[in-house]
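Read the structure below first, then the notes.
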Amino acid sequence: MPVKVSVIIPVYNPGIYIEDCITSLQRQSLPPEEFEVIFVDDGSTDATPARLDALAAEDPRMKVIHQENSGWSGKPRNVGIAASRGEFVMFVDNDDYLGDEALERMYDYGVANGADVVVGKMAGKGRGVPVELFRRNHPRATVENAPLIDSLTPHKMIRRAFLDRTGLRFPEGRRRLEDHVFIAEAYLRAENVSVVSDYVCYYHIRRDDSSNAGFERFDPAGYFKNLREALDVVEKYTEPGPVRDRLFRRWLRVEMVERLRARRFLNLPDDYRRELFGEIHEVVVERFGPGVAEGLQPTQQVVAALTAADRYDDVVSFAEWEAGIAPKAAPAHVEWRDGSLSVGFTAEYTSGGEPMTFPADAEAAPLNDTPKDVTEAVEWVASQTAARFGQATADLLLRERSSAAQYFQPVEFTRETVPVGDGEEVRLVLRATATVDPAGLPDDGAWDALVRVKLGGWTKECRLGPAPRATRPTPDVGIVGDRTALPYWTEPHGNLSLHLGARGKRLGLGSMQPMDVTVSGDRFRAPLPLHVEGDREVPLRFVSSSRILDASGTLSPAPDGRGTVLEAAMPAKDLSRDTWRVAVCLTPGADRPRFTGLPFALRSADGQVLVVPAPGPGTALRVARRARRVLGAARRKVVSRIRTGGQ
């Protein structure tokens with residue numbers, strides 16, 4: 001069968017960090033015979049060569065090429081391309097890893113859309129990754145209709161025939177930004193580029209020892225010499241004008257201006273800062289016309305103008321001012337509405353911990369001249385931020401704590417100017433409501449709520465919180481589809497998070513009281529602190545010291561709108577003179593349905609069924625042991641899942 005994808009991995013002394021990469025490749029959903037993995041060992045001096053040879057000996061998909069050290073990743077990737085047999089090649093770094101369905105999804109999407117380049121959604125663990133590019137799937141993306149230029153790392157899937165037709169290969173040797181040169185040309189020469197945004201395909205990892213190649217301090221002169229080569233590619237394949245300016249703007253913004261801002265710049269040693277600034281100044285003056293900086297945000301325009309004017313001290317002072325600016329997001333409401341979680345919040349920027357204020361009568365004005373000093377620069381930024389408030393946005397993202405995968409949630413927001421003092425200044429506040437559908441999130445586990453605020457020259461993220469303990473909303477656990485979803489506030493910081501797949505004590509069922517349970521004839525009715533949308537049939541289990549009885553019940557929204565009512569018929573004729581624990585399976589359609597014990601029990605005596613507190617942990621354990629002895633090993637797993645008080 002033809003090979004669909006060849007995965008090419010340059011390898012140099014990754015140590016244990018290659019293991020997650022290997023494991024992710026072995027878990028791929030693409031059938032084993034449809035992909036190959038080519039490790040190109042670039043002269044590793046650790047135990048990696050032997051590890052890879054052993055891997056290749058046991059797994060026919062894995063191939064290893066050993067070569068002398070070439071100094072960087074370009075040559076190993078080119079060697080991998082030459083050895084590949086796949087319709088597409090996929091570039092992966094040895095300390096990163098793939099989502100389990102990455103190869104299959106990216107290949108299928110690329111074929112369906114006739115793409116020469118496929119960009120898969122990325123998650124960064126300790127590393128920055130593009131965000132705006134992955135708001136939605138792009139079947140036919142270009143540098144003009146999508147922010148492709150934000151993603152210049154090599155971790156893409158590229159059609160092999162396209163590489164051969166164009167002769168496109170990575171620059172080789174000990175150098176930086178070889179991926180920028182390669183990917184920029186691929187974008188500009190591809191007949192089509194497709195972007196997969198609904199599944200995290202690539203996990204970009206910062207190693208615990210921070211020894212990733214991209215985190216090593218670079219030589220500014222060599223770095224910006226290599227950067228000029230990427231600019232040469234853009235000049236070769238575009239005409240002078242808005243498109244070229246927009247592409248150049250990416251390098252001015254990310255590789256130059258952002259390196260000179262706030263704490264990122266201030267945390268560098270002064271001698272290195274000066275060297276870095278000097279090299280950036282030369283590139284800005286040499287390569288960028290006025291149209292490049294004009295499209296930047298106000299703060300970025302100021303830094304670019306001061307840099308072009310060779311005013312190092314003012315760039316430092318401006319960075320000191322910016323270092324005190326941060327977003328703040330305050331929660332308003334968190335409640336279940338129509339089967340989704342509605343999250344209300346306000347967001348604004350602060351300076352020195354206090355809300356920022358802006359001129360009330362600001363008007364948009366271009367930065368025609370370099371500000372004469374930092375005070376004038378700050379005043380212009382404040383004025384332009386207020387004048388552009390109509391472009392400000394707020395987003396809510398949910399980020400999975402374990403993997404850093406993040407997903408935008410639907411948000412509606414309004415912009416509000418809040419007068420301060422005598423009314424000559426205002427605060428710029430965004431009021432937003434996000435709608436979170438837990439069923440739309442891919443995995444169980446902890447998800448943290450982050451607010452992303454774009455205002456003036458800043459695009460920053462912060463946690464949603466803190467919420468004061470006395471006033472924080474505390475919605476019940478929701479049952480959505482076949483999942484439990486628990487909104488909660490972290491300790492000690494009080495930020496909003498969501499636990500999908502919560503069970504045991506976290507469900508909060510232990511807070512209900514036996515006195516609230518009512519029995520009428522052969523039926524019982526119990527209020528539960530849960531949220532359900534409409535009626536739900538759920539399995540029940542009655543457990544005594546010698547028997548287990550299965551039944552079913554119905555969860556329904558409480559008439560007063562607070563919580564849920566569990567109502568069920570009891571197997572009254574089968575209830576002997578014994579005490580029966582009651583357990584409920586809240587998500588019977590889940591892959592691993594579990595029963596959760598409720599904090600009450602039923603006791604049959606003298607023809608009546610009484611509601612009593614559930615036996616304590618010791619009693620429950622003795623009951624479970626007796627049941628296991630009576631029922632035998634076949635049902636042990638069932639009994640052991642039932643815990644006391646919802647545990």
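Going by the structure tokens order, chains are called A, B, ..., each with residues numbered from 1, while ligands are numbered from 1 in the order shown.
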Exercise: Arg160 in chain A partners within 7 Å, only C-alpha atoms, chain neighbours under 2 positions left out, as a PyMOL selection string = chain A and resi 87-89+158+162-164
Residues flagged strand (DSSP E or B) by DSSP in range 55-190 of chain A, as a PyMOL selection string | chain A and resi 62-67+88-91+97-98+117-125+138-141+157-159
Correct to one decimal, the distance CA of Gly74 in chain A-CA of Phe170 in chain A is 5.0 Å
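Neighbouring residues of Glu68 in chain A at 8 Å or closer, counting only C-alpha atoms and skipping chain neighbours under 2 positions away, are Asp42, Gly43, His66 and Ser70 of chain A.
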Closest of A:Arg169, A:Leu610, A:Pro599, A:Tyr488 to Ser520 in chain A - atom-to-atom distances counting only C-alpha atoms |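 Closest to Ser520 in chain A, using only C-alpha atoms: A:Leu610.
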Which residues come within 9 Å of Glu34 in chain A, counting only C-alpha atoms, excluding same-chain residues fewer than 4 positions away, as a PyMOL selection string?
-> chain A and resi 1-6+30+86
Please produce a file of the residues just selected, as an mmCIF file, in the first residue's frame, where the atoms kept are C-alpha atoms.
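Output (part-v6.cif):
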data_model
loop_
_atom_site.group_PDB
_atom_site.id
_atom_site.type_symbol
_atom_site.label_atom_id
_atom_site.label_comp_id
_atom_site.auth_asym_id
_atom_site.auth_seq_id
_atom_site.Cartn_x
_atom_site.Cartn_y
_atom_site.Cartn_z
ATOM 1 C CA MET A 1 0.000 0.000 0.000
ATOM 2 C CA PRO A 2 1.388 3.469 -0.870
ATOM 3 C CA VAL A 3 2.765 5.492 2.020
ATOM 4 C CA LYS A 4 0.563 8.511 2.683
ATOM 5 C CA VAL A 5 2.805 10.405 5.116
ATOM 6 C CA SER A 6 6.518 10.376 5.864
ATOM 7 C CA LEU A 30 -3.495 6.467 10.583
ATOM 8 C CA GLY A 86 5.187 9.455 1.363
#
Would you mind listing what lies within 9 Å of Glu363 in chain A as a ChimeraX atom specification, with only C-alpha atoms counted and same-chain residues fewer than 6 positions away left out?
-> /A:383-384,386-388
Long-range neighbours of Val181 in chain A as a list in words, 12 Å cut-off, only C-alpha atoms, 5 positions minimum in chain = Gly74, Ile149, Leu152, Thr153, Pro154, Leu168, Arg169, Phe170, Pro171, Glu172, Arg175, Arg176, Ala186, Tyr187, Leu188, Asn226, Leu227, Arg228, Glu229, Ala230, Leu231, Asp232, Val233, Val234, Glu235, Lys236 and Trp251 of chain A
Could those residues be written to a file, using N, CA, C and O atoms, as a short mmCIF file (atom, residue, chain, number, x, y, z; two decimals), in the first residue's frame?
data_model
loop_
_atom_site.label_atom_id
_atom_site.label_comp_id
_atom_site.auth_asym_id
_atom_site.auth_seq_id
_atom_site.Cartn_x
_atom_site.Cartn_y
_atom_site.Cartn_z
N GLY A 74 18.46 22.06 9.35
CA GLY A 74 18.16 22.12 7.92
C GLY A 74 18.60 20.89 7.16
O GLY A 74 17.83 20.27 6.42
N ILE A 149 1.18 33.94 8.09
CA ILE A 149 2.55 34.38 8.35
C ILE A 149 2.87 34.35 9.84
O ILE A 149 4.04 34.43 10.22
N LEU A 152 5.47 30.27 11.30
CA LEU A 152 6.63 30.03 10.44
C LEU A 152 7.52 28.90 10.95
O LEU A 152 8.60 28.68 10.40
N THR A 153 7.08 28.19 11.99
CA THR A 153 7.85 27.02 12.40
C THR A 153 7.66 25.92 11.36
O THR A 153 6.68 25.92 10.60
N PRO A 154 8.55 24.93 11.30
CA PRO A 154 8.50 23.96 10.21
C PRO A 154 7.47 22.86 10.39
O PRO A 154 7.36 21.99 9.53
N LEU A 168 12.13 23.11 -3.48
CA LEU A 168 12.21 23.77 -2.19
C LEU A 168 12.88 22.86 -1.16
O LEU A 168 12.44 21.72 -0.95
N ARG A 169 13.91 23.36 -0.50
CA ARG A 169 14.60 22.65 0.57
C ARG A 169 15.02 23.65 1.64
O ARG A 169 15.03 24.87 1.42
N PHE A 170 15.38 23.11 2.80
CA PHE A 170 15.80 23.96 3.91
C PHE A 170 17.22 24.46 3.69
O PHE A 170 18.09 23.70 3.23
N PRO A 171 17.51 25.72 4.05
CA PRO A 171 18.91 26.15 4.09
C PRO A 171 19.68 25.30 5.10
O PRO A 171 19.14 24.93 6.14
N GLU A 172 20.92 25.00 4.80
CA GLU A 172 21.71 24.11 5.65
C GLU A 172 22.82 24.87 6.36
O GLU A 172 23.13 26.01 6.04
N ARG A 175 22.93 27.88 11.49
CA ARG A 175 22.27 29.15 11.20
C ARG A 175 20.91 29.17 11.89
O ARG A 175 20.44 28.16 12.41
N ARG A 176 20.31 30.33 11.93
CA ARG A 176 18.98 30.51 12.51
C ARG A 176 17.96 30.77 11.42
O ARG A 176 18.29 31.14 10.30
N ALA A 186 7.21 28.36 0.93
CA ALA A 186 6.14 27.38 0.72
C ALA A 186 4.78 28.06 0.65
O ALA A 186 3.96 27.75 -0.22
N TYR A 187 4.51 28.98 1.57
CA TYR A 187 3.24 29.70 1.56
C TYR A 187 3.05 30.46 0.25
O TYR A 187 1.95 30.48 -0.34
N LEU A 188 4.11 31.13 -0.20
CA LEU A 188 3.99 32.02 -1.35
C LEU A 188 3.95 31.27 -2.68
O LEU A 188 3.47 31.81 -3.68
N ASN A 226 20.45 36.14 9.00
CA ASN A 226 19.55 35.08 8.52
C ASN A 226 18.14 35.60 8.31
O ASN A 226 17.45 35.17 7.37
N LEU A 227 17.69 36.52 9.15
CA LEU A 227 16.35 37.08 8.98
C LEU A 227 16.22 37.81 7.65
O LEU A 227 15.18 37.75 6.99
N ARG A 228 17.27 38.48 7.24
CA ARG A 228 17.23 39.19 5.95
C ARG A 228 16.96 38.21 4.80
O ARG A 228 16.35 38.58 3.79
N GLU A 229 17.42 36.96 4.95
CA GLU A 229 17.19 35.97 3.90
C GLU A 229 15.70 35.65 3.77
O GLU A 229 15.20 35.41 2.67
N ALA A 230 14.98 35.65 4.89
CA ALA A 230 13.53 35.45 4.83
C ALA A 230 12.86 36.64 4.13
O ALA A 230 11.92 36.48 3.34
N LEU A 231 13.34 37.85 4.43
CA LEU A 231 12.80 39.03 3.75
C LEU A 231 13.09 38.97 2.25
O LEU A 231 12.27 39.40 1.44
N ASP A 232 14.25 38.41 1.89
CA ASP A 232 14.58 38.26 0.47
C ASP A 232 13.56 37.37 -0.24
O ASP A 232 13.19 37.62 -1.40
N VAL A 233 13.12 36.32 0.43
CA VAL A 233 12.12 35.42 -0.15
C VAL A 233 10.83 36.18 -0.44
O VAL A 233 10.22 36.05 -1.52
N VAL A 234 10.40 36.99 0.54
CA VAL A 234 9.16 37.77 0.35
C VAL A 234 9.32 38.73 -0.82
O VAL A 234 8.42 38.87 -1.67
N GLU A 235 10.46 39.38 -0.91
CA GLU A 235 10.67 40.31 -2.02
C GLU A 235 10.67 39.59 -3.37
O GLU A 235 10.22 40.12 -4.38
N LYS A 236 11.18 38.37 -3.39
CA LYS A 236 11.26 37.62 -4.64
C LYS A 236 9.89 37.22 -5.16
O LYS A 236 9.65 37.22 -6.37
N TRP A 251 7.73 40.20 10.59
CA TRP A 251 9.09 40.16 11.12
C TRP A 251 9.40 41.40 11.95
O TRP A 251 10.07 41.30 12.98
#
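Excluding Gln67 in chain A and any residue on its chain fewer than 4 positions from it, the residues at most 10 Å away by only C-alpha atoms are Val40, Asp41, Asp42, Gly43, Ser44, Lys75, Pro76 and Val79 of chain A.
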For the residues in the current selection, export N, CA and C atoms as a CSV table (one decimal), in the first residue's frame.
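File written: part39.csv
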chain,number,residue,atom,x,y,z
A,40,VAL,N,16.4,11.3,11.6
A,40,VAL,CA,17.8,11.6,11.0
A,40,VAL,C,18.6,12.1,12.2
A,41,ASP,N,19.5,11.2,12.7
A,41,ASP,CA,20.3,11.5,13.8
A,41,ASP,C,21.5,12.3,13.4
A,42,ASP,N,21.6,13.5,13.9
A,42,ASP,CA,22.6,14.5,13.4
A,42,ASP,C,23.8,14.5,14.3
A,43,GLY,N,24.4,13.3,14.4
A,43,GLY,CA,25.6,13.1,15.2
A,43,GLY,C,25.4,13.2,16.7
A,44,SER,N,24.3,12.7,17.3
A,44,SER,CA,24.0,12.7,18.7
A,44,SER,C,25.2,12.0,19.4
A,75,LYS,N,19.9,20.5,7.3
A,75,LYS,CA,20.4,19.4,6.6
A,75,LYS,C,19.7,18.1,7.0
A,76,PRO,N,19.5,17.7,8.3
A,76,PRO,CA,18.7,16.5,8.6
A,76,PRO,C,17.3,16.5,8.0
A,79,VAL,N,17.8,15.6,4.3
A,79,VAL,CA,18.1,14.2,4.2
A,79,VAL,C,16.9,13.3,4.3
